Each structure stands twice: as C-alpha cells, then as structure tokens.
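**Q** Next up, input-v7.cif (mmCIF, N, CA and C atoms).
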```
data_model
loop_
_atom_site.label_atom_id
_atom_site.label_comp_id
_atom_site.auth_asym_id
_atom_site.auth_seq_id
_atom_site.Cartn_x
_atom_site.Cartn_y
_atom_site.Cartn_z
N GLN A 1 2.59 5.49 -4.13
CA GLN A 1 1.24 5.91 -3.74
C GLN A 1 0.54 4.81 -2.97
N VAL A 2 -0.41 5.22 -2.14
CA VAL A 2 -1.22 4.30 -1.35
C VAL A 2 -2.68 4.52 -1.69
N GLN A 3 -3.39 3.45 -1.93
CA GLN A 3 -4.82 3.53 -2.18
C GLN A 3 -5.54 2.82 -1.03
N LEU A 4 -6.66 3.40 -0.60
CA LEU A 4 -7.44 2.85 0.51
C LEU A 4 -8.86 2.60 0.05
N VAL A 5 -9.40 1.43 0.42
CA VAL A 5 -10.77 1.10 0.08
C VAL A 5 -11.49 0.67 1.36
N GLU A 6 -12.58 1.38 1.67
CA GLU A 6 -13.36 1.05 2.85
C GLU A 6 -14.54 0.16 2.49
N SER A 7 -15.00 -0.59 3.47
CA SER A 7 -16.22 -1.38 3.31
C SER A 7 -16.84 -1.59 4.68
N GLY A 8 -18.10 -2.02 4.69
CA GLY A 8 -18.74 -2.38 5.94
C GLY A 8 -19.78 -1.42 6.46
N GLY A 9 -19.97 -0.29 5.80
CA GLY A 9 -20.99 0.64 6.26
C GLY A 9 -22.39 0.11 6.00
N GLY A 10 -23.37 0.85 6.48
CA GLY A 10 -24.75 0.45 6.25
C GLY A 10 -25.70 1.11 7.20
N LEU A 11 -26.91 0.57 7.26
CA LEU A 11 -27.97 1.08 8.12
C LEU A 11 -28.16 0.13 9.30
N VAL A 12 -28.19 0.68 10.49
CA VAL A 12 -28.35 -0.13 11.69
C VAL A 12 -29.20 0.63 12.69
N GLN A 13 -29.89 -0.10 13.53
CA GLN A 13 -30.69 0.54 14.57
C GLN A 13 -29.80 0.97 15.74
N ALA A 14 -30.25 1.95 16.47
CA ALA A 14 -29.52 2.40 17.65
C ALA A 14 -29.29 1.22 18.59
N GLY A 15 -28.07 1.15 19.14
CA GLY A 15 -27.70 0.04 19.99
C GLY A 15 -27.04 -1.10 19.24
N GLY A 16 -27.08 -1.05 17.93
CA GLY A 16 -26.51 -2.11 17.12
C GLY A 16 -25.02 -1.93 16.89
N SER A 17 -24.47 -2.81 16.05
CA SER A 17 -23.03 -2.83 15.79
C SER A 17 -22.76 -2.90 14.29
N LEU A 18 -21.61 -2.38 13.92
CA LEU A 18 -21.09 -2.51 12.57
C LEU A 18 -19.58 -2.62 12.66
N ARG A 19 -18.98 -3.27 11.67
CA ARG A 19 -17.52 -3.30 11.58
C ARG A 19 -17.10 -2.78 10.21
N LEU A 20 -16.28 -1.74 10.25
CA LEU A 20 -15.72 -1.17 9.02
C LEU A 20 -14.34 -1.76 8.77
N SER A 21 -14.03 -1.93 7.49
CA SER A 21 -12.71 -2.40 7.09
C SER A 21 -12.09 -1.41 6.12
N CYS A 22 -10.79 -1.30 6.16
CA CYS A 22 -10.05 -0.43 5.24
C CYS A 22 -8.82 -1.20 4.77
N THR A 23 -8.78 -1.50 3.48
CA THR A 23 -7.67 -2.24 2.92
C THR A 23 -6.80 -1.33 2.07
N ALA A 24 -5.52 -1.37 2.33
CA ALA A 24 -4.56 -0.53 1.60
C ALA A 24 -3.88 -1.34 0.51
N SER A 25 -3.53 -0.64 -0.55
CA SER A 25 -2.75 -1.24 -1.63
C SER A 25 -1.74 -0.21 -2.13
N GLY A 26 -0.79 -0.67 -2.91
CA GLY A 26 0.25 0.23 -3.39
C GLY A 26 1.48 0.15 -2.50
N SER A 27 2.01 1.28 -2.14
CA SER A 27 3.23 1.35 -1.34
C SER A 27 2.91 1.17 0.15
N THR A 28 2.42 0.01 0.49
CA THR A 28 1.92 -0.22 1.85
C THR A 28 3.03 -0.26 2.89
N ALA A 29 4.24 -0.55 2.48
CA ALA A 29 5.35 -0.58 3.44
C ALA A 29 5.64 0.80 4.02
N ARG A 30 5.17 1.84 3.34
CA ARG A 30 5.41 3.21 3.77
C ARG A 30 4.34 3.73 4.73
N ILE A 31 3.32 2.91 5.00
CA ILE A 31 2.23 3.36 5.87
C ILE A 31 2.65 3.34 7.33
N ASN A 32 2.38 4.39 8.05
CA ASN A 32 2.65 4.48 9.48
C ASN A 32 1.31 4.35 10.22
N THR A 33 0.80 5.46 10.74
CA THR A 33 -0.47 5.45 11.46
C THR A 33 -1.64 5.32 10.48
N MET A 34 -2.64 4.54 10.88
CA MET A 34 -3.90 4.49 10.15
C MET A 34 -5.01 4.98 11.07
N GLY A 35 -6.06 5.50 10.47
CA GLY A 35 -7.12 6.03 11.30
C GLY A 35 -8.45 6.09 10.59
N TRP A 36 -9.45 6.38 11.39
CA TRP A 36 -10.80 6.60 10.89
C TRP A 36 -11.26 8.00 11.27
N TYR A 37 -11.87 8.67 10.31
CA TYR A 37 -12.48 9.96 10.52
C TYR A 37 -13.93 9.87 10.06
N ARG A 38 -14.74 10.83 10.46
CA ARG A 38 -16.13 10.85 10.00
C ARG A 38 -16.58 12.28 9.76
N GLN A 39 -17.56 12.39 8.88
CA GLN A 39 -18.13 13.70 8.57
C GLN A 39 -19.63 13.57 8.45
N ALA A 40 -20.31 14.25 9.34
CA ALA A 40 -21.77 14.28 9.32
C ALA A 40 -22.22 15.46 8.46
N PRO A 41 -23.44 15.42 7.95
CA PRO A 41 -23.94 16.53 7.11
C PRO A 41 -23.85 17.86 7.83
N GLY A 42 -23.26 18.84 7.16
CA GLY A 42 -23.16 20.18 7.72
C GLY A 42 -22.08 20.35 8.78
N LYS A 43 -21.29 19.31 9.00
CA LYS A 43 -20.25 19.39 10.03
C LYS A 43 -18.88 19.14 9.42
N GLN A 44 -17.85 19.52 10.16
CA GLN A 44 -16.49 19.29 9.71
C GLN A 44 -16.10 17.82 9.94
N ARG A 45 -15.14 17.37 9.15
CA ARG A 45 -14.61 16.02 9.35
C ARG A 45 -13.90 15.98 10.70
N GLU A 46 -14.13 14.89 11.45
CA GLU A 46 -13.54 14.79 12.77
C GLU A 46 -12.86 13.43 12.95
N LEU A 47 -11.86 13.44 13.82
CA LEU A 47 -11.15 12.22 14.14
C LEU A 47 -12.04 11.28 14.94
N VAL A 48 -12.00 10.00 14.59
CA VAL A 48 -12.69 8.98 15.37
C VAL A 48 -11.68 8.17 16.17
N ALA A 49 -10.69 7.61 15.48
CA ALA A 49 -9.70 6.78 16.14
C ALA A 49 -8.48 6.62 15.25
N THR A 50 -7.32 6.42 15.87
CA THR A 50 -6.10 6.14 15.12
C THR A 50 -5.37 4.97 15.76
N ILE A 51 -4.52 4.33 14.97
CA ILE A 51 -3.70 3.23 15.47
C ILE A 51 -2.35 3.28 14.78
N SER A 52 -1.29 3.21 15.58
CA SER A 52 0.05 3.24 15.02
C SER A 52 0.42 1.87 14.47
N LYS A 53 1.55 1.82 13.79
CA LYS A 53 2.00 0.53 13.25
C LYS A 53 2.29 -0.46 14.36
N GLY A 54 2.66 0.07 15.52
CA GLY A 54 2.94 -0.79 16.66
C GLY A 54 1.72 -1.12 17.50
N GLY A 55 0.58 -0.53 17.14
CA GLY A 55 -0.66 -0.88 17.83
C GLY A 55 -1.13 0.12 18.88
N ASN A 56 -0.45 1.25 19.03
CA ASN A 56 -0.92 2.26 19.97
C ASN A 56 -2.17 2.93 19.40
N THR A 57 -3.19 3.09 20.24
CA THR A 57 -4.48 3.61 19.78
C THR A 57 -4.83 4.93 20.44
N ASN A 58 -5.68 5.66 19.75
CA ASN A 58 -6.18 6.94 20.25
C ASN A 58 -7.62 7.07 19.80
N TYR A 59 -8.50 7.55 20.69
CA TYR A 59 -9.93 7.65 20.39
C TYR A 59 -10.48 9.03 20.70
N ALA A 60 -11.46 9.44 19.93
CA ALA A 60 -12.24 10.62 20.31
C ALA A 60 -13.04 10.28 21.55
N ASP A 61 -13.25 11.28 22.40
CA ASP A 61 -13.98 11.04 23.64
C ASP A 61 -15.39 10.50 23.37
N SER A 62 -15.97 10.92 22.27
CA SER A 62 -17.35 10.54 21.97
C SER A 62 -17.53 9.05 21.65
N VAL A 63 -16.43 8.36 21.34
CA VAL A 63 -16.54 6.95 20.96
C VAL A 63 -15.81 6.01 21.93
N LYS A 64 -15.11 6.57 22.90
CA LYS A 64 -14.37 5.74 23.85
C LYS A 64 -15.31 4.77 24.55
N GLY A 65 -14.88 3.52 24.63
CA GLY A 65 -15.70 2.50 25.28
C GLY A 65 -16.71 1.85 24.37
N ARG A 66 -16.93 2.42 23.18
CA ARG A 66 -17.92 1.85 22.24
C ARG A 66 -17.24 1.35 20.96
N PHE A 67 -16.22 2.07 20.50
CA PHE A 67 -15.54 1.73 19.25
C PHE A 67 -14.15 1.16 19.56
N THR A 68 -13.71 0.24 18.72
CA THR A 68 -12.38 -0.33 18.84
C THR A 68 -11.71 -0.34 17.48
N ILE A 69 -10.53 0.26 17.41
CA ILE A 69 -9.75 0.24 16.17
C ILE A 69 -8.69 -0.84 16.28
N SER A 70 -8.43 -1.52 15.19
CA SER A 70 -7.40 -2.54 15.15
C SER A 70 -6.82 -2.58 13.74
N ARG A 71 -5.71 -3.28 13.58
CA ARG A 71 -5.13 -3.42 12.25
C ARG A 71 -4.41 -4.74 12.14
N ASP A 72 -4.37 -5.24 10.92
CA ASP A 72 -3.63 -6.45 10.59
C ASP A 72 -2.59 -6.04 9.57
N ASN A 73 -1.37 -5.84 10.01
CA ASN A 73 -0.34 -5.33 9.11
C ASN A 73 -0.04 -6.31 7.97
N ALA A 74 -0.17 -7.59 8.24
CA ALA A 74 0.08 -8.59 7.19
C ALA A 74 -0.95 -8.49 6.07
N LYS A 75 -2.17 -8.06 6.40
CA LYS A 75 -3.23 -7.92 5.41
C LYS A 75 -3.40 -6.48 4.95
N ASN A 76 -2.56 -5.58 5.49
CA ASN A 76 -2.66 -4.15 5.14
C ASN A 76 -4.09 -3.63 5.35
N THR A 77 -4.70 -4.04 6.43
CA THR A 77 -6.09 -3.72 6.69
C THR A 77 -6.27 -3.17 8.10
N ALA A 78 -7.07 -2.13 8.20
CA ALA A 78 -7.47 -1.58 9.49
C ALA A 78 -8.97 -1.80 9.66
N TYR A 79 -9.38 -1.94 10.91
CA TYR A 79 -10.79 -2.20 11.20
C TYR A 79 -11.29 -1.19 12.23
N LEU A 80 -12.59 -0.96 12.19
CA LEU A 80 -13.24 -0.17 13.23
C LEU A 80 -14.49 -0.93 13.66
N GLN A 81 -14.42 -1.51 14.84
CA GLN A 81 -15.58 -2.19 15.41
C GLN A 81 -16.40 -1.16 16.17
N MET A 82 -17.65 -0.98 15.77
CA MET A 82 -18.51 0.02 16.37
C MET A 82 -19.67 -0.66 17.07
N ASN A 83 -19.73 -0.51 18.38
CA ASN A 83 -20.80 -1.10 19.18
C ASN A 83 -21.64 0.01 19.82
N SER A 84 -22.80 -0.37 20.30
CA SER A 84 -23.69 0.59 20.98
C SER A 84 -23.86 1.86 20.16
N LEU A 85 -24.13 1.69 18.90
CA LEU A 85 -24.22 2.84 18.00
C LEU A 85 -25.38 3.75 18.36
N LYS A 86 -25.16 5.04 18.15
CA LYS A 86 -26.15 6.07 18.45
C LYS A 86 -26.48 6.82 17.16
N PRO A 87 -27.66 7.44 17.11
CA PRO A 87 -27.99 8.22 15.91
C PRO A 87 -26.95 9.29 15.59
N GLU A 88 -26.31 9.84 16.61
CA GLU A 88 -25.29 10.87 16.37
C GLU A 88 -24.00 10.31 15.77
N ASP A 89 -23.89 9.00 15.65
CA ASP A 89 -22.76 8.39 14.96
C ASP A 89 -22.97 8.37 13.45
N THR A 90 -24.15 8.74 13.00
CA THR A 90 -24.44 8.77 11.57
C THR A 90 -23.51 9.75 10.86
N ALA A 91 -22.81 9.25 9.85
CA ALA A 91 -21.84 10.06 9.12
C ALA A 91 -21.25 9.22 7.98
N VAL A 92 -20.49 9.88 7.14
CA VAL A 92 -19.63 9.17 6.21
C VAL A 92 -18.29 8.94 6.92
N TYR A 93 -17.86 7.70 6.95
CA TYR A 93 -16.62 7.35 7.64
C TYR A 93 -15.51 7.17 6.60
N TYR A 94 -14.39 7.82 6.87
CA TYR A 94 -13.26 7.79 5.96
C TYR A 94 -12.05 7.13 6.63
N CYS A 95 -11.39 6.30 5.88
CA CYS A 95 -10.13 5.72 6.32
C CYS A 95 -8.99 6.65 5.91
N ASN A 96 -7.99 6.72 6.77
CA ASN A 96 -6.84 7.59 6.53
C ASN A 96 -5.57 6.82 6.83
N ALA A 97 -4.53 7.08 6.05
CA ALA A 97 -3.22 6.49 6.32
C ALA A 97 -2.15 7.56 6.21
N LEU A 98 -1.30 7.61 7.20
CA LEU A 98 -0.13 8.50 7.16
C LEU A 98 0.99 7.74 6.46
N VAL A 99 1.50 8.32 5.39
CA VAL A 99 2.47 7.64 4.55
C VAL A 99 3.84 8.30 4.72
N SER A 100 4.82 7.52 5.14
CA SER A 100 6.19 8.01 5.34
C SER A 100 6.23 9.23 6.24
N PHE A 101 5.31 9.33 7.17
CA PHE A 101 5.23 10.43 8.13
C PHE A 101 5.10 11.80 7.45
N SER A 102 4.73 11.84 6.18
CA SER A 102 4.73 13.13 5.50
C SER A 102 3.50 13.41 4.67
N SER A 103 2.76 12.42 4.28
CA SER A 103 1.59 12.67 3.45
C SER A 103 0.47 11.74 3.89
N ALA A 104 -0.72 12.08 3.48
CA ALA A 104 -1.90 11.32 3.90
C ALA A 104 -2.65 10.78 2.70
N ALA A 105 -3.13 9.56 2.86
CA ALA A 105 -4.01 8.96 1.86
C ALA A 105 -5.39 8.82 2.48
N TRP A 106 -6.41 8.96 1.64
CA TRP A 106 -7.79 8.86 2.11
C TRP A 106 -8.56 7.87 1.25
N GLY A 107 -9.49 7.18 1.89
CA GLY A 107 -10.41 6.34 1.15
C GLY A 107 -11.57 7.17 0.63
N GLN A 108 -12.48 6.49 -0.07
CA GLN A 108 -13.60 7.21 -0.69
C GLN A 108 -14.75 7.44 0.28
N GLY A 109 -14.72 6.77 1.42
CA GLY A 109 -15.76 6.95 2.43
C GLY A 109 -16.83 5.88 2.35
N THR A 110 -17.41 5.56 3.49
CA THR A 110 -18.51 4.61 3.55
C THR A 110 -19.57 5.17 4.50
N GLN A 111 -20.81 5.11 4.09
CA GLN A 111 -21.91 5.70 4.86
C GLN A 111 -22.33 4.79 6.00
N VAL A 112 -22.44 5.38 7.18
CA VAL A 112 -23.00 4.69 8.34
C VAL A 112 -24.22 5.48 8.79
N THR A 113 -25.37 4.82 8.84
CA THR A 113 -26.60 5.47 9.27
C THR A 113 -27.18 4.69 10.43
N VAL A 114 -27.43 5.40 11.53
CA VAL A 114 -27.98 4.78 12.73
C VAL A 114 -29.37 5.36 12.96
N SER A 115 -30.37 4.50 12.92
CA SER A 115 -31.74 4.96 13.10
C SER A 115 -32.14 4.86 14.58
N SER A 116 -33.01 5.78 14.97
CA SER A 116 -33.43 5.81 16.38
C SER A 116 -34.65 4.94 16.61
#
```
Take the structure from the file and write it as structure tokens.
**A**
Amino acid sequence: QVQLVESGGGLVQAGGSLRLSCTASGSTARINTMGWYRQAPGKQRELVATISKGGNTNYADSVKGRFTISRDNAKNTAYLQMNSLKPEDTAVYYCNALVSFSSAAWGQGTQVTVSS
C-alpha cells in the first residue's frame, strides 16, 4: 500500500504563490505517475498536473504557465509550485499516485483559498 500526505495549502491573495508538497510512504517503489487534482465546491474533481517517474509533465490548460509540478524520487515527494494564483484556483487539492500502473492512491487533500 501507498500512503500520501499533502501539505502547504493556505490562504493567499490573488497574484500570490503557494507550494504544495506530497510525501509518499509505504510501497513507494511501486509508484509510477504522480499528480495533483483539485475540487472546488459544487464541482467535479479535475486534473491539475501530472509527472511521470522519468519527469514527463502534463498540465491542465487553466494552469499552464502558472503552475509547475516536480518530484524528488529519492524523497518520495511531489511538489506543485503555484504562481499568479487566481480566485478560481480556490479548491481542495489532492495528491494522487498511480501504483504499479493498476491502482491509485489519494491523499487527504489540502485547502487552497485565493482571495480577490
């Protein structure tokens, strides 16, 4: 099993920055792609960004140029650097890990609130 713990959320003004961290424990050698998703009130959970074990990245159009995903495989940690934040980025952000290409692990979520 893989357990994920997120940190780094909070309240920030529009235009500000935050960095989220997601640390994995357990069967970390089985982790392939890691990613960040978010869910705003009344909306479905949506993809924000993903990163493969080799470092290939993918972003939602809404965050391209503002957010950067990275990972440190030695520390079993993925990061999401969020710059130029907008009120519409307000959501609970969840870390995700694809395990052995067959199952997914999720973190508990961290709240990001961007005030206008």
**Q** Using all atoms listed in the file, tabulate the residues of stretch 25-88 of chain A lying at most 8 Å from any atom of stretch 94-109 of chain A, each with its closest atom pair and that distance in Å to one decimal, by chain and increasing residue number, as JSON lines.
**A**
```
{"residue": "A:Ser27", "atom": "C", "partner": "A:Val99", "partner_atom": "CA", "distance": 7.8}
{"residue": "A:Ala29", "atom": "C", "partner": "A:Ser100", "partner_atom": "N", "distance": 6.9}
{"residue": "A:Arg30", "atom": "C", "partner": "A:Ser100", "partner_atom": "N", "distance": 3.8}
{"residue": "A:Ile31", "atom": "CA", "partner": "A:Val99", "partner_atom": "CA", "distance": 4.5}
{"residue": "A:Asn32", "atom": "N", "partner": "A:Leu98", "partner_atom": "C", "distance": 4.0}
{"residue": "A:Thr33", "atom": "C", "partner": "A:Leu98", "partner_atom": "N", "distance": 4.0}
{"residue": "A:Met34", "atom": "CA", "partner": "A:Ala97", "partner_atom": "CA", "distance": 4.4}
{"residue": "A:Gly35", "atom": "C", "partner": "A:Asn96", "partner_atom": "N", "distance": 3.9}
{"residue": "A:Trp36", "atom": "CA", "partner": "A:Tyr94", "partner_atom": "C", "distance": 4.5}
{"residue": "A:Tyr37", "atom": "C", "partner": "A:Tyr94", "partner_atom": "N", "distance": 3.8}
{"residue": "A:Arg38", "atom": "CA", "partner": "A:Tyr94", "partner_atom": "N", "distance": 4.7}
{"residue": "A:Gln39", "atom": "N", "partner": "A:Tyr94", "partner_atom": "N", "distance": 5.9}
```
**Q** Deliver the residues from the most recent selection as a file, using N, CA and C atoms, as a PDB file, in the frame of the given file.
**A**
```pdb
ATOM      1  N   SER A  27       2.010   1.280  -2.140  1.00  0.00           N
ATOM      2  CA  SER A  27       3.230   1.350  -1.340  1.00  0.00           C
ATOM      3  C   SER A  27       2.910   1.170   0.150  1.00  0.00           C
ATOM      4  N   ALA A  29       4.240  -0.550   2.480  1.00  0.00           N
ATOM      5  CA  ALA A  29       5.350  -0.580   3.440  1.00  0.00           C
ATOM      6  C   ALA A  29       5.640   0.800   4.020  1.00  0.00           C
ATOM      7  N   ARG A  30       5.170   1.840   3.340  1.00  0.00           N
ATOM      8  CA  ARG A  30       5.410   3.210   3.770  1.00  0.00           C
ATOM      9  C   ARG A  30       4.340   3.730   4.730  1.00  0.00           C
ATOM     10  N   ILE A  31       3.320   2.910   5.000  1.00  0.00           N
ATOM     11  CA  ILE A  31       2.230   3.360   5.870  1.00  0.00           C
ATOM     12  C   ILE A  31       2.650   3.340   7.330  1.00  0.00           C
ATOM     13  N   ASN A  32       2.380   4.390   8.050  1.00  0.00           N
ATOM     14  CA  ASN A  32       2.650   4.480   9.480  1.00  0.00           C
ATOM     15  C   ASN A  32       1.310   4.350  10.220  1.00  0.00           C
ATOM     16  N   THR A  33       0.800   5.460  10.740  1.00  0.00           N
ATOM     17  CA  THR A  33      -0.470   5.450  11.460  1.00  0.00           C
ATOM     18  C   THR A  33      -1.640   5.320  10.480  1.00  0.00           C
ATOM     19  N   MET A  34      -2.640   4.540  10.880  1.00  0.00           N
ATOM     20  CA  MET A  34      -3.900   4.490  10.150  1.00  0.00           C
ATOM     21  C   MET A  34      -5.010   4.980  11.070  1.00  0.00           C
ATOM     22  N   GLY A  35      -6.060   5.500  10.470  1.00  0.00           N
ATOM     23  CA  GLY A  35      -7.120   6.030  11.300  1.00  0.00           C
ATOM     24  C   GLY A  35      -8.450   6.090  10.590  1.00  0.00           C
ATOM     25  N   TRP A  36      -9.450   6.380  11.390  1.00  0.00           N
ATOM     26  CA  TRP A  36     -10.800   6.600  10.890  1.00  0.00           C
ATOM     27  C   TRP A  36     -11.260   8.000  11.270  1.00  0.00           C
ATOM     28  N   TYR A  37     -11.870   8.670  10.310  1.00  0.00           N
ATOM     29  CA  TYR A  37     -12.480   9.960  10.520  1.00  0.00           C
ATOM     30  C   TYR A  37     -13.930   9.870  10.060  1.00  0.00           C
ATOM     31  N   ARG A  38     -14.740  10.830  10.460  1.00  0.00           N
ATOM     32  CA  ARG A  38     -16.130  10.850  10.000  1.00  0.00           C
ATOM     33  C   ARG A  38     -16.580  12.280   9.760  1.00  0.00           C
ATOM     34  N   GLN A  39     -17.560  12.390   8.880  1.00  0.00           N
ATOM     35  CA  GLN A  39     -18.130  13.700   8.570  1.00  0.00           C
ATOM     36  C   GLN A  39     -19.630  13.570   8.450  1.00  0.00           C
TER      37      GLN A  39
END
```
**Q** Per DSSP on the backbone, what are the helix (DSSP H, G or I) residues of chain A, as a short mmCIF file (atom, residue, chain, number, x, y, z; two decimals) with N, CA and C atoms, in the coordinates of the input?
**A**
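Dumped to result_30.cif:
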```cif
data_model
loop_
_atom_site.label_atom_id
_atom_site.label_comp_id
_atom_site.auth_asym_id
_atom_site.auth_seq_id
_atom_site.Cartn_x
_atom_site.Cartn_y
_atom_site.Cartn_z
N THR A 28 2.42 0.01 0.49
CA THR A 28 1.92 -0.22 1.85
C THR A 28 3.03 -0.26 2.89
N ALA A 29 4.24 -0.55 2.48
CA ALA A 29 5.35 -0.58 3.44
C ALA A 29 5.64 0.80 4.02
N ARG A 30 5.17 1.84 3.34
CA ARG A 30 5.41 3.21 3.77
C ARG A 30 4.34 3.73 4.73
N ASN A 73 -1.37 -5.84 10.01
CA ASN A 73 -0.34 -5.33 9.11
C ASN A 73 -0.04 -6.31 7.97
N ALA A 74 -0.17 -7.59 8.24
CA ALA A 74 0.08 -8.59 7.19
C ALA A 74 -0.95 -8.49 6.07
N LYS A 75 -2.17 -8.06 6.40
CA LYS A 75 -3.23 -7.92 5.41
C LYS A 75 -3.40 -6.48 4.95
N PRO A 87 -27.66 7.44 17.11
CA PRO A 87 -27.99 8.22 15.91
C PRO A 87 -26.95 9.29 15.59
N GLU A 88 -26.31 9.84 16.61
CA GLU A 88 -25.29 10.87 16.37
C GLU A 88 -24.00 10.31 15.77
N ASP A 89 -23.89 9.00 15.65
CA ASP A 89 -22.76 8.39 14.96
C ASP A 89 -22.97 8.37 13.45
#
```
**Q** What gap, in Å, lies between atom CA of A:Leu85 and atom C of A:Gly15?
**A**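 Separating atom CA of A:Leu85 from atom C of A:Gly15 is a distance of 5.0 Å.
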**Q** Quick check, in Å to one decimal: how far apart do atom C of A:Asn58 and atom C of A:Leu18 lie?
**A** 17.0 Å
**Q** Fewer than 4 positions away in the same chain doesn't count, so skip those; otherwise give me all residues within 6.5 Å of A:Ser7, counting all atoms listed in the file, as a ChimeraX atom specification.
**A** /A:19-23,110
**Q** Which one of A:Asn56, A:Val2, A:Ala78, A:Val48 sits closest to A:Thr28 if you count all atoms listed in the file?
**A**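 Counting all atoms listed in the file, the residue closest to A:Thr28 is A:Val2.
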**Q** Could you list, as a PyMOL selection string, every residue within 7 Å of A:Gly16, counting only C-alpha atoms and ignoring same-chain residues fewer than 4 positions away?
**A** chain A and resi 12+83-85
**Q** For the file shown, report as a list in words the outcome of the PyMOL selection byres (((chain A and resi 87 and name CA) around 8) and name CA) at residue level.
**A** Ala14, Leu85, Lys86, Glu88, Asp89, Thr90, Thr113, Val114, Ser115 and Ser116 of chain A
**Q** What separation in Å, quoted to one decimal, exists between atom C of A:Arg45 and atom CA of A:Leu80?
**A**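 Spanning atom C of A:Arg45 to atom CA of A:Leu80 is a straight-line distance of 16.4 Å.
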**Q** From the set A:Ser25, A:Ser52, A:Ser70, A:Gln111, which residue has the shortest atom-to-atom contact distance to A:Gly10, counting all atoms listed in the file?
**A**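 That would be A:Gln111, the residue with the smallest distance to A:Gly10.
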**Q** From a backbone DSSP assignment, name each residue in chain A labelled strand (DSSP E), as a PyMOL selection string.
**A** chain A and resi 2-7+10-13+18-26+31-39+46-51+57-59+67-72+77-82+91-99+103-106+110-115
**Q** Check what the PyMOL selection byres (((chain A and resi 66 and name CA) around 9) and name CA) selects in the file above and give those residues as a CSV table (one decimal) with N, CA and C atoms, keeping the file's coordinate frame.
**A**
```csv
chain,number,residue,atom,x,y,z
A,62,SER,N,-16.0,10.9,22.3
A,62,SER,CA,-17.4,10.5,22.0
A,62,SER,C,-17.5,9.0,21.6
A,63,VAL,N,-16.4,8.4,21.3
A,63,VAL,CA,-16.5,7.0,21.0
A,63,VAL,C,-15.8,6.0,21.9
A,64,LYS,N,-15.1,6.6,22.9
A,64,LYS,CA,-14.4,5.7,23.8
A,64,LYS,C,-15.3,4.8,24.6
A,65,GLY,N,-14.9,3.5,24.6
A,65,GLY,CA,-15.7,2.5,25.3
A,65,GLY,C,-16.7,1.8,24.4
A,67,PHE,N,-16.2,2.1,20.5
A,67,PHE,CA,-15.5,1.7,19.2
A,67,PHE,C,-14.2,1.2,19.6
A,68,THR,N,-13.7,0.2,18.7
A,68,THR,CA,-12.4,-0.3,18.8
A,68,THR,C,-11.7,-0.3,17.5
A,81,GLN,N,-14.4,-1.5,14.8
A,81,GLN,CA,-15.6,-2.2,15.4
A,81,GLN,C,-16.4,-1.2,16.2
A,82,MET,N,-17.6,-1.0,15.8
A,82,MET,CA,-18.5,0.0,16.4
A,82,MET,C,-19.7,-0.7,17.1
A,83,ASN,N,-19.7,-0.5,18.4
A,83,ASN,CA,-20.8,-1.1,19.2
A,83,ASN,C,-21.6,0.0,19.8
A,84,SER,N,-22.8,-0.4,20.3
A,84,SER,CA,-23.7,0.6,21.0
A,84,SER,C,-23.9,1.9,20.2
A,85,LEU,N,-24.1,1.7,18.9
A,85,LEU,CA,-24.2,2.8,18.0
A,85,LEU,C,-25.4,3.8,18.4
```
**Q** Selected by the PyMOL selection byres ((chain A and resi 41) around 6.5) in the shown coordinates: which residues, as JSON, numbers by chain?
**A** {"A": [39, 40, 42, 43, 90, 91, 92]}
**Q** Write the residues you've just listed into a file as an mmCIF file, in the coordinates of the input, and include N, CA and C atoms for each of them.
**A**
```
data_model
loop_
_atom_site.group_PDB
_atom_site.id
_atom_site.type_symbol
_atom_site.label_atom_id
_atom_site.label_comp_id
_atom_site.auth_asym_id
_atom_site.auth_seq_id
_atom_site.Cartn_x
_atom_site.Cartn_y
_atom_site.Cartn_z
ATOM 1 N N GLN A 39 -17.560 12.390 8.880
ATOM 2 C CA GLN A 39 -18.130 13.700 8.570
ATOM 3 C C GLN A 39 -19.630 13.570 8.450
ATOM 4 N N ALA A 40 -20.310 14.250 9.340
ATOM 5 C CA ALA A 40 -21.770 14.280 9.320
ATOM 6 C C ALA A 40 -22.220 15.460 8.460
ATOM 7 N N GLY A 42 -23.260 18.840 7.160
ATOM 8 C CA GLY A 42 -23.160 20.180 7.720
ATOM 9 C C GLY A 42 -22.080 20.350 8.780
ATOM 10 N N LYS A 43 -21.290 19.310 9.000
ATOM 11 C CA LYS A 43 -20.250 19.390 10.030
ATOM 12 C C LYS A 43 -18.880 19.140 9.420
ATOM 13 N N THR A 90 -24.150 8.740 13.000
ATOM 14 C CA THR A 90 -24.440 8.770 11.570
ATOM 15 C C THR A 90 -23.510 9.750 10.860
ATOM 16 N N ALA A 91 -22.810 9.250 9.850
ATOM 17 C CA ALA A 91 -21.840 10.060 9.120
ATOM 18 C C ALA A 91 -21.250 9.220 7.980
ATOM 19 N N VAL A 92 -20.490 9.880 7.140
ATOM 20 C CA VAL A 92 -19.630 9.170 6.210
ATOM 21 C C VAL A 92 -18.290 8.940 6.920
#
```
**Q** Using all atoms listed in the file for the distances, tell me which of A:Ala24, A:Val112, A:Thr50, A:Ser17 is nearest to A:Leu4.
**A**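 Among the listed residues, A:Ala24 lies closest to A:Leu4.
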